[in-house]
Amino acid sequence: MNYIEINGGTKREREVARATVELMIQKLLPRFRTLEITVNLKKLDGVFGYCLAETTREFELEVAKGLSLKNLVGTICHEMVHVKQYARKELHLNDYVWKKTEVDEKTPYSKLPWEIEAFAMEDDLAREVWDADIL
């Protein structure tokens, strides 16, 4: 059974984060049953969030507290795409390797293939969260 822990933020932010993570697991990783995902809602400077992969089953998401609900859901969806990428071994844990192809470390952030995929998917995934009427 997957384990989800939500820390920090307001009660509403924690509820939204949990509902969003649970739906994203169902959508992106439906067969996975051994994921451990911790979401830390905290003050972040200059970014909405990021994903730290400890292993291909253990993840820590850092998400800015105080975001609008739209940005909170979108950010969590974006970071959950990264969880999917690591869990499915599309993105290598310690190197710039994407789907078995090495990526130049000097590649600008906006041109990284894993970021291109996450940005391409986040709006549609966020729309699914809103349409699911779970918030």
# chains A, B, ... in the order shown; residues from 1 in each chain; ligands from 1
>>> residues_around(residues="Glu60 of chain A", least_positions_apart="6", cutoff="9 Å", atoms="only C-alpha atoms", output="list in words")
Glu36, Ile37, Thr38, Val39, Asn40, Tyr50, Cys51, Leu52, Ala53 and Glu54 of chain A
>>> write_last_selection(atoms="C-alpha atoms", output="PDB file, in the first residue's frame")
ATOM      1  CA  GLU A  36       6.382   6.551  -0.196  1.00  0.00           C
ATOM      2  CA  ILE A  37       5.615  10.192  -0.941  1.00  0.00           C
ATOM      3  CA  THR A  38       6.150  13.015   1.514  1.00  0.00           C
ATOM      4  CA  VAL A  39       4.864  16.474   0.630  1.00  0.00           C
ATOM      5  CA  ASN A  40       6.342  19.357   2.592  1.00  0.00           C
ATOM      6  CA  TYR A  50      10.532  20.434  -6.654  1.00  0.00           C
ATOM      7  CA  CYS A  51      10.819  16.676  -6.401  1.00  0.00           C
ATOM      8  CA  LEU A  52      13.583  14.843  -4.589  1.00  0.00           C
ATOM      9  CA  ALA A  53      13.881  11.146  -5.384  1.00  0.00           C
ATOM     10  CA  GLU A  54      15.622   9.205  -2.655  1.00  0.00           C
TER      11      GLU A  54
END
>>> select_by_dssp(residues="segment 27-100 of chain A", states="strand (DSSP E or B)", output="list in words")
Glu36, Ile37, Thr38, Val39, Asn40, Leu41, Lys42, Gly49, Tyr50, Cys51, Leu52, Ala53, Glu58, Phe59, Glu60, Leu61, Glu62, Val63, Ala64, Leu91, Val97 and Trp98 of chain A
>>> residues_around(residues="Gln85 of chain A", least_positions_apart="4", cutoff="10 Å", atoms="only C-alpha atoms", output="compact mmCIF listing (two decimals) with N, CA and C atoms, in the first residue's frame")
# COMPACT_ATOMS: atom_id res chain seq x y z
N LEU A 28 -1.22 8.26 -12.90
CA LEU A 28 0.11 8.11 -13.49
C LEU A 28 0.80 6.78 -13.14
N LEU A 29 0.46 6.22 -11.98
CA LEU A 29 1.16 5.04 -11.49
C LEU A 29 0.17 4.04 -10.89
N THR A 56 13.73 4.87 -6.28
CA THR A 56 12.65 4.84 -7.27
C THR A 56 11.29 4.57 -6.63
N GLU A 79 5.04 18.04 -10.16
CA GLU A 79 6.01 17.25 -9.40
C GLU A 79 5.69 15.76 -9.41
N MET A 80 4.41 15.43 -9.48
CA MET A 80 4.03 14.02 -9.57
C MET A 80 4.39 13.41 -10.91
N VAL A 81 4.49 14.22 -11.95
CA VAL A 81 5.01 13.72 -13.23
C VAL A 81 6.46 13.29 -13.02
N LYS A 89 11.62 4.73 -14.03
CA LYS A 89 13.02 4.74 -14.47
C LYS A 89 13.20 5.38 -15.84
N GLU A 90 12.34 6.35 -16.14
CA GLU A 90 12.51 7.16 -17.35
C GLU A 90 13.59 8.20 -17.11
N LEU A 91 13.64 8.69 -15.87
CA LEU A 91 14.64 9.66 -15.45
C LEU A 91 15.54 8.98 -14.43
N HIS A 92 16.83 9.03 -14.68
CA HIS A 92 17.81 8.37 -13.82
C HIS A 92 17.97 9.15 -12.51
N LEU A 93 18.17 8.45 -11.42
CA LEU A 93 18.25 9.07 -10.10
C LEU A 93 19.41 10.04 -9.94
N TRP A 98 17.88 10.48 -19.55
CA TRP A 98 16.45 10.46 -19.83
C TRP A 98 16.15 9.36 -20.82
N LYS A 99 15.37 8.38 -20.38
CA LYS A 99 14.99 7.25 -21.23
C LYS A 99 16.22 6.65 -21.93
N TRP A 114 12.66 16.03 -19.30
CA TRP A 114 11.75 15.69 -18.20
C TRP A 114 10.92 16.90 -17.78
N GLU A 117 8.18 17.41 -20.52
CA GLU A 117 7.06 16.50 -20.30
C GLU A 117 6.19 16.97 -19.12
N ALA A 118 6.81 17.35 -18.01
CA ALA A 118 6.06 17.76 -16.82
C ALA A 118 5.22 19.01 -17.11
>>> residues_around(residues="Leu23 of chain A", least_positions_apart="2", cutoff="12 Å", atoms="only C-alpha atoms", output="PDB file with all heavy atoms, in the first residue's frame")
ATOM      1  N   ILE A   4       1.489   8.091   1.981  1.00  0.00           N
ATOM      2  CA  ILE A   4       1.539   9.519   1.680  1.00  0.00           C
ATOM      3  C   ILE A   4       1.553  10.278   3.001  1.00  0.00           C
ATOM      4  O   ILE A   4       0.713  10.039   3.870  1.00  0.00           O
ATOM      5  CB  ILE A   4       0.317   9.956   0.844  1.00  0.00           C
ATOM      6  CG1 ILE A   4       0.250   9.177  -0.468  1.00  0.00           C
ATOM      7  CG2 ILE A   4       0.353  11.460   0.582  1.00  0.00           C
ATOM      8  CD1 ILE A   4      -1.085   9.318  -1.180  1.00  0.00           C
ATOM      9  N   VAL A  16      -5.888  19.474   0.085  1.00  0.00           N
ATOM     10  CA  VAL A  16      -5.756  19.568  -1.375  1.00  0.00           C
ATOM     11  C   VAL A  16      -4.546  18.758  -1.842  1.00  0.00           C
ATOM     12  O   VAL A  16      -4.618  18.026  -2.836  1.00  0.00           O
ATOM     13  CB  VAL A  16      -5.636  21.044  -1.817  1.00  0.00           C
ATOM     14  CG1 VAL A  16      -5.217  21.168  -3.273  1.00  0.00           C
ATOM     15  CG2 VAL A  16      -6.952  21.777  -1.568  1.00  0.00           C
ATOM     16  N   ALA A  17      -3.444  18.860  -1.123  1.00  0.00           N
ATOM     17  CA  ALA A  17      -2.231  18.126  -1.489  1.00  0.00           C
ATOM     18  C   ALA A  17      -2.484  16.617  -1.457  1.00  0.00           C
ATOM     19  O   ALA A  17      -2.131  15.899  -2.400  1.00  0.00           O
ATOM     20  CB  ALA A  17      -1.077  18.494  -0.556  1.00  0.00           C
ATOM     21  N   ARG A  18      -3.103  16.136  -0.396  1.00  0.00           N
ATOM     22  CA  ARG A  18      -3.368  14.697  -0.284  1.00  0.00           C
ATOM     23  C   ARG A  18      -4.284  14.217  -1.412  1.00  0.00           C
ATOM     24  O   ARG A  18      -4.005  13.227  -2.070  1.00  0.00           O
ATOM     25  CB  ARG A  18      -3.983  14.346   1.073  1.00  0.00           C
ATOM     26  CG  ARG A  18      -4.310  12.849   1.199  1.00  0.00           C
ATOM     27  CD  ARG A  18      -4.740  12.458   2.590  1.00  0.00           C
ATOM     28  NE  ARG A  18      -3.711  12.711   3.583  1.00  0.00           N
ATOM     29  CZ  ARG A  18      -2.622  11.968   3.767  1.00  0.00           C
ATOM     30  NH1 ARG A  18      -2.419  10.897   3.028  1.00  0.00           N
ATOM     31  NH2 ARG A  18      -1.737  12.268   4.703  1.00  0.00           N
ATOM     32  N   ALA A  19      -5.377  14.919  -1.646  1.00  0.00           N
ATOM     33  CA  ALA A  19      -6.321  14.526  -2.695  1.00  0.00           C
ATOM     34  C   ALA A  19      -5.648  14.530  -4.064  1.00  0.00           C
ATOM     35  O   ALA A  19      -5.862  13.618  -4.875  1.00  0.00           O
ATOM     36  CB  ALA A  19      -7.533  15.458  -2.687  1.00  0.00           C
ATOM     37  N   THR A  20      -4.805  15.522  -4.306  1.00  0.00           N
ATOM     38  CA  THR A  20      -4.117  15.627  -5.599  1.00  0.00           C
ATOM     39  C   THR A  20      -3.107  14.500  -5.767  1.00  0.00           C
ATOM     40  O   THR A  20      -3.064  13.853  -6.822  1.00  0.00           O
ATOM     41  CB  THR A  20      -3.445  17.004  -5.732  1.00  0.00           C
ATOM     42  OG1 THR A  20      -4.436  18.030  -5.579  1.00  0.00           O
ATOM     43  CG2 THR A  20      -2.772  17.159  -7.087  1.00  0.00           C
ATOM     44  N   VAL A  21      -2.301  14.234  -4.750  1.00  0.00           N
ATOM     45  CA  VAL A  21      -1.312  13.154  -4.829  1.00  0.00           C
ATOM     46  C   VAL A  21      -2.018  11.810  -5.030  1.00  0.00           C
ATOM     47  O   VAL A  21      -1.593  11.004  -5.879  1.00  0.00           O
ATOM     48  CB  VAL A  21      -0.404  13.127  -3.570  1.00  0.00           C
ATOM     49  CG1 VAL A  21       0.418  11.844  -3.514  1.00  0.00           C
ATOM     50  CG2 VAL A  21       0.508  14.344  -3.552  1.00  0.00           C
ATOM     51  N   ILE A  25      -1.431   9.426  -8.313  1.00  0.00           N
ATOM     52  CA  ILE A  25      -0.948   8.044  -8.239  1.00  0.00           C
ATOM     53  C   ILE A  25      -1.877   7.150  -9.052  1.00  0.00           C
ATOM     54  O   ILE A  25      -1.413   6.325  -9.850  1.00  0.00           O
ATOM     55  CB  ILE A  25      -0.831   7.556  -6.782  1.00  0.00           C
ATOM     56  CG1 ILE A  25       0.310   8.275  -6.070  1.00  0.00           C
ATOM     57  CG2 ILE A  25      -0.608   6.037  -6.743  1.00  0.00           C
ATOM     58  CD1 ILE A  25       0.366   8.012  -4.572  1.00  0.00           C
ATOM     59  N   GLN A  26      -3.192   7.325  -8.878  1.00  0.00           N
ATOM     60  CA  GLN A  26      -4.156   6.521  -9.643  1.00  0.00           C
ATOM     61  C   GLN A  26      -3.986   6.732 -11.147  1.00  0.00           C
ATOM     62  O   GLN A  26      -4.062   5.790 -11.922  1.00  0.00           O
ATOM     63  CB  GLN A  26      -5.592   6.896  -9.258  1.00  0.00           C
ATOM     64  CG  GLN A  26      -6.011   6.465  -7.891  1.00  0.00           C
ATOM     65  CD  GLN A  26      -7.397   7.009  -7.542  1.00  0.00           C
ATOM     66  OE1 GLN A  26      -8.178   7.396  -8.404  1.00  0.00           O
ATOM     67  NE2 GLN A  26      -7.689   7.041  -6.254  1.00  0.00           N
ATOM     68  N   LYS A  27      -3.740   7.973 -11.535  1.00  0.00           N
ATOM     69  CA  LYS A  27      -3.658   8.325 -12.952  1.00  0.00           C
ATOM     70  C   LYS A  27      -2.317   7.936 -13.576  1.00  0.00           C
ATOM     71  O   LYS A  27      -2.277   7.367 -14.663  1.00  0.00           O
ATOM     72  CB  LYS A  27      -3.890   9.841 -13.093  1.00  0.00           C
ATOM     73  CG  LYS A  27      -3.762  10.369 -14.467  1.00  0.00           C
ATOM     74  CD  LYS A  27      -4.957  10.016 -15.303  1.00  0.00           C
ATOM     75  CE  LYS A  27      -4.788  10.600 -16.692  1.00  0.00           C
ATOM     76  NZ  LYS A  27      -5.732  10.050 -17.625  1.00  0.00           N
ATOM     77  N   LEU A  28      -1.224   8.260 -12.903  1.00  0.00           N
ATOM     78  CA  LEU A  28       0.114   8.106 -13.486  1.00  0.00           C
ATOM     79  C   LEU A  28       0.798   6.785 -13.141  1.00  0.00           C
ATOM     80  O   LEU A  28       1.633   6.305 -13.899  1.00  0.00           O
ATOM     81  CB  LEU A  28       1.014   9.264 -13.033  1.00  0.00           C
ATOM     82  CG  LEU A  28       0.560  10.669 -13.420  1.00  0.00           C
ATOM     83  CD1 LEU A  28       1.432  11.707 -12.727  1.00  0.00           C
ATOM     84  CD2 LEU A  28       0.599  10.852 -14.942  1.00  0.00           C
ATOM     85  N   LEU A  29       0.463   6.223 -11.978  1.00  0.00           N
ATOM     86  CA  LEU A  29       1.164   5.037 -11.487  1.00  0.00           C
ATOM     87  C   LEU A  29       0.173   4.036 -10.894  1.00  0.00           C
ATOM     88  O   LEU A  29       0.316   3.609  -9.750  1.00  0.00           O
ATOM     89  CB  LEU A  29       2.200   5.450 -10.433  1.00  0.00           C
ATOM     90  CG  LEU A  29       3.296   6.394 -10.936  1.00  0.00           C
ATOM     91  CD1 LEU A  29       3.950   7.131  -9.788  1.00  0.00           C
ATOM     92  CD2 LEU A  29       4.308   5.641 -11.758  1.00  0.00           C
ATOM     93  N   PRO A  30      -0.838   3.637 -11.648  1.00  0.00           N
ATOM     94  CA  PRO A  30      -1.921   2.835 -11.072  1.00  0.00           C
ATOM     95  C   PRO A  30      -1.510   1.469 -10.536  1.00  0.00           C
ATOM     96  O   PRO A  30      -2.169   0.944  -9.650  1.00  0.00           O
ATOM     97  CB  PRO A  30      -2.903   2.689 -12.242  1.00  0.00           C
ATOM     98  CG  PRO A  30      -2.069   2.876 -13.470  1.00  0.00           C
ATOM     99  CD  PRO A  30      -1.017   3.866 -13.078  1.00  0.00           C
ATOM    100  N   VAL A  73      -2.396  22.966  -6.966  1.00  0.00           N
ATOM    101  CA  VAL A  73      -2.743  21.731  -7.682  1.00  0.00           C
ATOM    102  C   VAL A  73      -1.827  21.544  -8.887  1.00  0.00           C
ATOM    103  O   VAL A  73      -1.294  20.451  -9.117  1.00  0.00           O
ATOM    104  CB  VAL A  73      -4.232  21.742  -8.101  1.00  0.00           C
ATOM    105  CG1 VAL A  73      -4.540  20.597  -9.058  1.00  0.00           C
ATOM    106  CG2 VAL A  73      -5.124  21.668  -6.875  1.00  0.00           C
ATOM    107  N   ILE A  76       1.710  20.449  -7.746  1.00  0.00           N
ATOM    108  CA  ILE A  76       1.754  19.060  -7.292  1.00  0.00           C
ATOM    109  C   ILE A  76       1.635  18.117  -8.488  1.00  0.00           C
ATOM    110  O   ILE A  76       2.361  17.117  -8.559  1.00  0.00           O
ATOM    111  CB  ILE A  76       0.671  18.788  -6.227  1.00  0.00           C
ATOM    112  CG1 ILE A  76       1.014  19.569  -4.949  1.00  0.00           C
ATOM    113  CG2 ILE A  76       0.558  17.290  -5.930  1.00  0.00           C
ATOM    114  CD1 ILE A  76      -0.081  19.583  -3.909  1.00  0.00           C
ATOM    115  N   CYS A  77       0.782  18.438  -9.440  1.00  0.00           N
ATOM    116  CA  CYS A  77       0.674  17.606 -10.646  1.00  0.00           C
ATOM    117  C   CYS A  77       2.008  17.566 -11.383  1.00  0.00           C
ATOM    118  O   CYS A  77       2.465  16.497 -11.806  1.00  0.00           O
ATOM    119  CB  CYS A  77      -0.429  18.129 -11.568  1.00  0.00           C
ATOM    120  SG  CYS A  77      -2.100  17.864 -10.931  1.00  0.00           S
ATOM    121  N   MET A  80       4.414  15.435  -9.479  1.00  0.00           N
ATOM    122  CA  MET A  80       4.025  14.019  -9.566  1.00  0.00           C
ATOM    123  C   MET A  80       4.393  13.415 -10.915  1.00  0.00           C
ATOM    124  O   MET A  80       4.617  12.201 -11.006  1.00  0.00           O
ATOM    125  CB  MET A  80       2.541  13.854  -9.269  1.00  0.00           C
ATOM    126  CG  MET A  80       2.190  14.015  -7.794  1.00  0.00           C
ATOM    127  SD  MET A  80       3.019  12.823  -6.706  1.00  0.00           S
ATOM    128  CE  MET A  80       2.296  11.278  -7.293  1.00  0.00           C
ATOM    129  N   LEU A 125      -3.536  17.449 -16.245  1.00  0.00           N
ATOM    130  CA  LEU A 125      -3.675  16.700 -14.991  1.00  0.00           C
ATOM    131  C   LEU A 125      -4.408  17.537 -13.943  1.00  0.00           C
ATOM    132  O   LEU A 125      -5.288  17.029 -13.240  1.00  0.00           O
ATOM    133  CB  LEU A 125      -2.303  16.258 -14.469  1.00  0.00           C
ATOM    134  CG  LEU A 125      -1.590  15.210 -15.304  1.00  0.00           C
ATOM    135  CD1 LEU A 125      -0.150  15.034 -14.819  1.00  0.00           C
ATOM    136  CD2 LEU A 125      -2.333  13.886 -15.278  1.00  0.00           C
ATOM    137  N   ALA A 126      -4.068  18.818 -13.853  1.00  0.00           N
ATOM    138  CA  ALA A 126      -4.743  19.696 -12.890  1.00  0.00           C
ATOM    139  C   ALA A 126      -6.231  19.792 -13.227  1.00  0.00           C
ATOM    140  O   ALA A 126      -7.075  19.767 -12.330  1.00  0.00           O
ATOM    141  CB  ALA A 126      -4.093  21.076 -12.885  1.00  0.00           C
ATOM    142  N   ARG A 127      -6.561  19.856 -14.504  1.00  0.00           N
ATOM    143  CA  ARG A 127      -7.959  19.894 -14.918  1.00  0.00           C
ATOM    144  C   ARG A 127      -8.686  18.626 -14.469  1.00  0.00           C
ATOM    145  O   ARG A 127      -9.836  18.674 -14.039  1.00  0.00           O
ATOM    146  CB  ARG A 127      -8.037  20.057 -16.435  1.00  0.00           C
ATOM    147  CG  ARG A 127      -9.289  20.746 -16.913  1.00  0.00           C
ATOM    148  CD  ARG A 127      -9.244  21.168 -18.380  1.00  0.00           C
ATOM    149  NE  ARG A 127      -8.251  22.220 -18.629  1.00  0.00           N
ATOM    150  CZ  ARG A 127      -7.105  22.041 -19.326  1.00  0.00           C
ATOM    151  NH1 ARG A 127      -6.821  20.892 -19.864  1.00  0.00           N
ATOM    152  NH2 ARG A 127      -6.281  23.039 -19.499  1.00  0.00           N
ATOM    153  N   GLU A 128      -8.002  17.490 -14.540  1.00  0.00           N
ATOM    154  CA  GLU A 128      -8.598  16.236 -14.077  1.00  0.00           C
ATOM    155  C   GLU A 128      -8.881  16.269 -12.578  1.00  0.00           C
ATOM    156  O   GLU A 128      -9.877  15.719 -12.113  1.00  0.00           O
ATOM    157  CB  GLU A 128      -7.711  15.043 -14.429  1.00  0.00           C
ATOM    158  CG  GLU A 128      -7.706  14.746 -15.916  1.00  0.00           C
ATOM    159  CD  GLU A 128      -7.005  13.449 -16.251  1.00  0.00           C
ATOM    160  OE1 GLU A 128      -7.190  12.468 -15.503  1.00  0.00           O
ATOM    161  OE2 GLU A 128      -6.293  13.433 -17.257  1.00  0.00           O
ATOM    162  N   VAL A 129      -7.987  16.911 -11.820  1.00  0.00           N
ATOM    163  CA  VAL A 129      -8.210  17.046 -10.375  1.00  0.00           C
ATOM    164  C   VAL A 129      -9.466  17.874 -10.138  1.00  0.00           C
ATOM    165  O   VAL A 129     -10.340  17.492  -9.355  1.00  0.00           O
ATOM    166  CB  VAL A 129      -6.991  17.694  -9.678  1.00  0.00           C
ATOM    167  CG1 VAL A 129      -7.296  18.001  -8.215  1.00  0.00           C
ATOM    168  CG2 VAL A 129      -5.760  16.795  -9.797  1.00  0.00           C
ATOM    169  N   TRP A 130      -9.580  19.007 -10.827  1.00  0.00           N
ATOM    170  CA  TRP A 130     -10.762  19.858 -10.653  1.00  0.00           C
ATOM    171  C   TRP A 130     -12.025  19.135 -11.097  1.00  0.00           C
ATOM    172  O   TRP A 130     -13.055  19.198 -10.428  1.00  0.00           O
ATOM    173  CB  TRP A 130     -10.601  21.170 -11.429  1.00  0.00           C
ATOM    174  CG  TRP A 130      -9.516  22.032 -10.873  1.00  0.00           C
ATOM    175  CD1 TRP A 130      -8.332  22.337 -11.470  1.00  0.00           C
ATOM    176  CD2 TRP A 130      -9.484  22.680  -9.608  1.00  0.00           C
ATOM    177  NE1 TRP A 130      -7.575  23.123 -10.651  1.00  0.00           N
ATOM    178  CE2 TRP A 130      -8.258  23.366  -9.506  1.00  0.00           C
ATOM    179  CE3 TRP A 130     -10.382  22.755  -8.546  1.00  0.00           C
ATOM    180  CZ2 TRP A 130      -7.905  24.102  -8.381  1.00  0.00           C
ATOM    181  CZ3 TRP A 130     -10.032  23.497  -7.416  1.00  0.00           C
ATOM    182  CH2 TRP A 130      -8.809  24.170  -7.342  1.00  0.00           C
ATOM    183  N   ASP A 131     -11.949  18.423 -12.241  1.00  0.00           N
ATOM    184  CA  ASP A 131     -13.118  17.720 -12.771  1.00  0.00           C
ATOM    185  C   ASP A 131     -13.541  16.554 -11.881  1.00  0.00           C
ATOM    186  O   ASP A 131     -14.707  16.162 -11.882  1.00  0.00           O
ATOM    187  CB  ASP A 131     -12.852  17.212 -14.190  1.00  0.00           C
ATOM    188  CG  ASP A 131     -12.756  18.355 -15.202  1.00  0.00           C
ATOM    189  OD1 ASP A 131     -13.141  19.499 -14.855  1.00  0.00           O
ATOM    190  OD2 ASP A 131     -12.299  18.107 -16.335  1.00  0.00           O
ATOM    191  N   ALA A 132     -12.596  15.988 -11.136  1.00  0.00           N
ATOM    192  CA  ALA A 132     -12.910  14.836 -10.261  1.00  0.00           C
ATOM    193  C   ALA A 132     -13.740  15.273  -9.055  1.00  0.00           C
ATOM    194  O   ALA A 132     -14.285  14.431  -8.349  1.00  0.00           O
ATOM    195  CB  ALA A 132     -11.619  14.152  -9.808  1.00  0.00           C
ATOM    196  N   ASP A 133     -13.804  16.577  -8.832  1.00  0.00           N
ATOM    197  CA  ASP A 133     -14.614  17.109  -7.731  1.00  0.00           C
ATOM    198  C   ASP A 133     -14.214  16.505  -6.371  1.00  0.00           C
ATOM    199  O   ASP A 133     -15.066  16.116  -5.573  1.00  0.00           O
ATOM    200  CB  ASP A 133     -16.099  16.898  -8.001  1.00  0.00           C
ATOM    201  CG  ASP A 133     -16.974  17.838  -7.190  1.00  0.00           C
ATOM    202  OD1 ASP A 133     -16.517  18.960  -6.876  1.00  0.00           O
ATOM    203  OD2 ASP A 133     -18.111  17.446  -6.851  1.00  0.00           O
ATOM    204  N   ILE A 134     -12.903  16.386  -6.167  1.00  0.00           N
ATOM    205  CA  ILE A 134     -12.394  15.832  -4.907  1.00  0.00           C
ATOM    206  C   ILE A 134     -11.914  16.908  -3.958  1.00  0.00           C
ATOM    207  O   ILE A 134     -11.504  16.607  -2.846  1.00  0.00           O
ATOM    208  CB  ILE A 134     -11.259  14.815  -5.171  1.00  0.00           C
ATOM    209  CG1 ILE A 134     -10.125  15.473  -5.954  1.00  0.00           C
ATOM    210  CG2 ILE A 134     -11.791  13.587  -5.882  1.00  0.00           C
ATOM    211  CD1 ILE A 134      -8.899  14.609  -6.153  1.00  0.00           C
ATOM    212  N   LEU A 135     -11.923  18.136  -4.421  1.00  0.00           N
ATOM    213  CA  LEU A 135     -11.436  19.240  -3.577  1.00  0.00           C
ATOM    214  C   LEU A 135     -12.607  19.879  -2.922  1.00  0.00           C
ATOM    215  O   LEU A 135     -12.790  20.701  -2.311  1.00  0.00           O
ATOM    216  CB  LEU A 135     -10.630  20.242  -4.402  1.00  0.00           C
ATOM    217  CG  LEU A 135      -9.479  19.635  -5.213  1.00  0.00           C
ATOM    218  CD1 LEU A 135      -8.779  20.715  -6.011  1.00  0.00           C
ATOM    219  CD2 LEU A 135      -8.481  18.946  -4.300  1.00  0.00           C
TER     220      LEU A 135
END
>>> closest_atom_pairs(of="segment 40-128 of chain A", to="segment 7-10 of chain A", cutoff="12 Å", atoms="only C-alpha atoms", output="Markdown table")
| residue | atom | partner | partner_atom | distance |
| --- | --- | --- | --- | --- |
| A:Asn40 | CA | A:Asn7 | CA | 4.8 |
| A:Leu41 | CA | A:Gly8 | CA | 4.8 |
| A:Lys42 | CA | A:Gly8 | CA | 6.1 |
| A:Lys43 | CA | A:Gly9 | CA | 8.9 |
| A:Leu44 | CA | A:Gly9 | CA | 11.9 |
| A:Glu60 | CA | A:Asn7 | CA | 10.7 |
| A:Leu61 | CA | A:Asn7 | CA | 10.3 |
| A:Glu62 | CA | A:Asn7 | CA | 9.8 |
| A:Val63 | CA | A:Gly9 | CA | 9.4 |
| A:Ala64 | CA | A:Gly9 | CA | 8.6 |
| A:Lys65 | CA | A:Gly9 | CA | 5.5 |
| A:Gly66 | CA | A:Gly9 | CA | 7.5 |
| A:Leu67 | CA | A:Gly9 | CA | 10.0 |
| A:Leu69 | CA | A:Thr10 | CA | 11.8 |
| A:Leu72 | CA | A:Gly9 | CA | 11.1 |
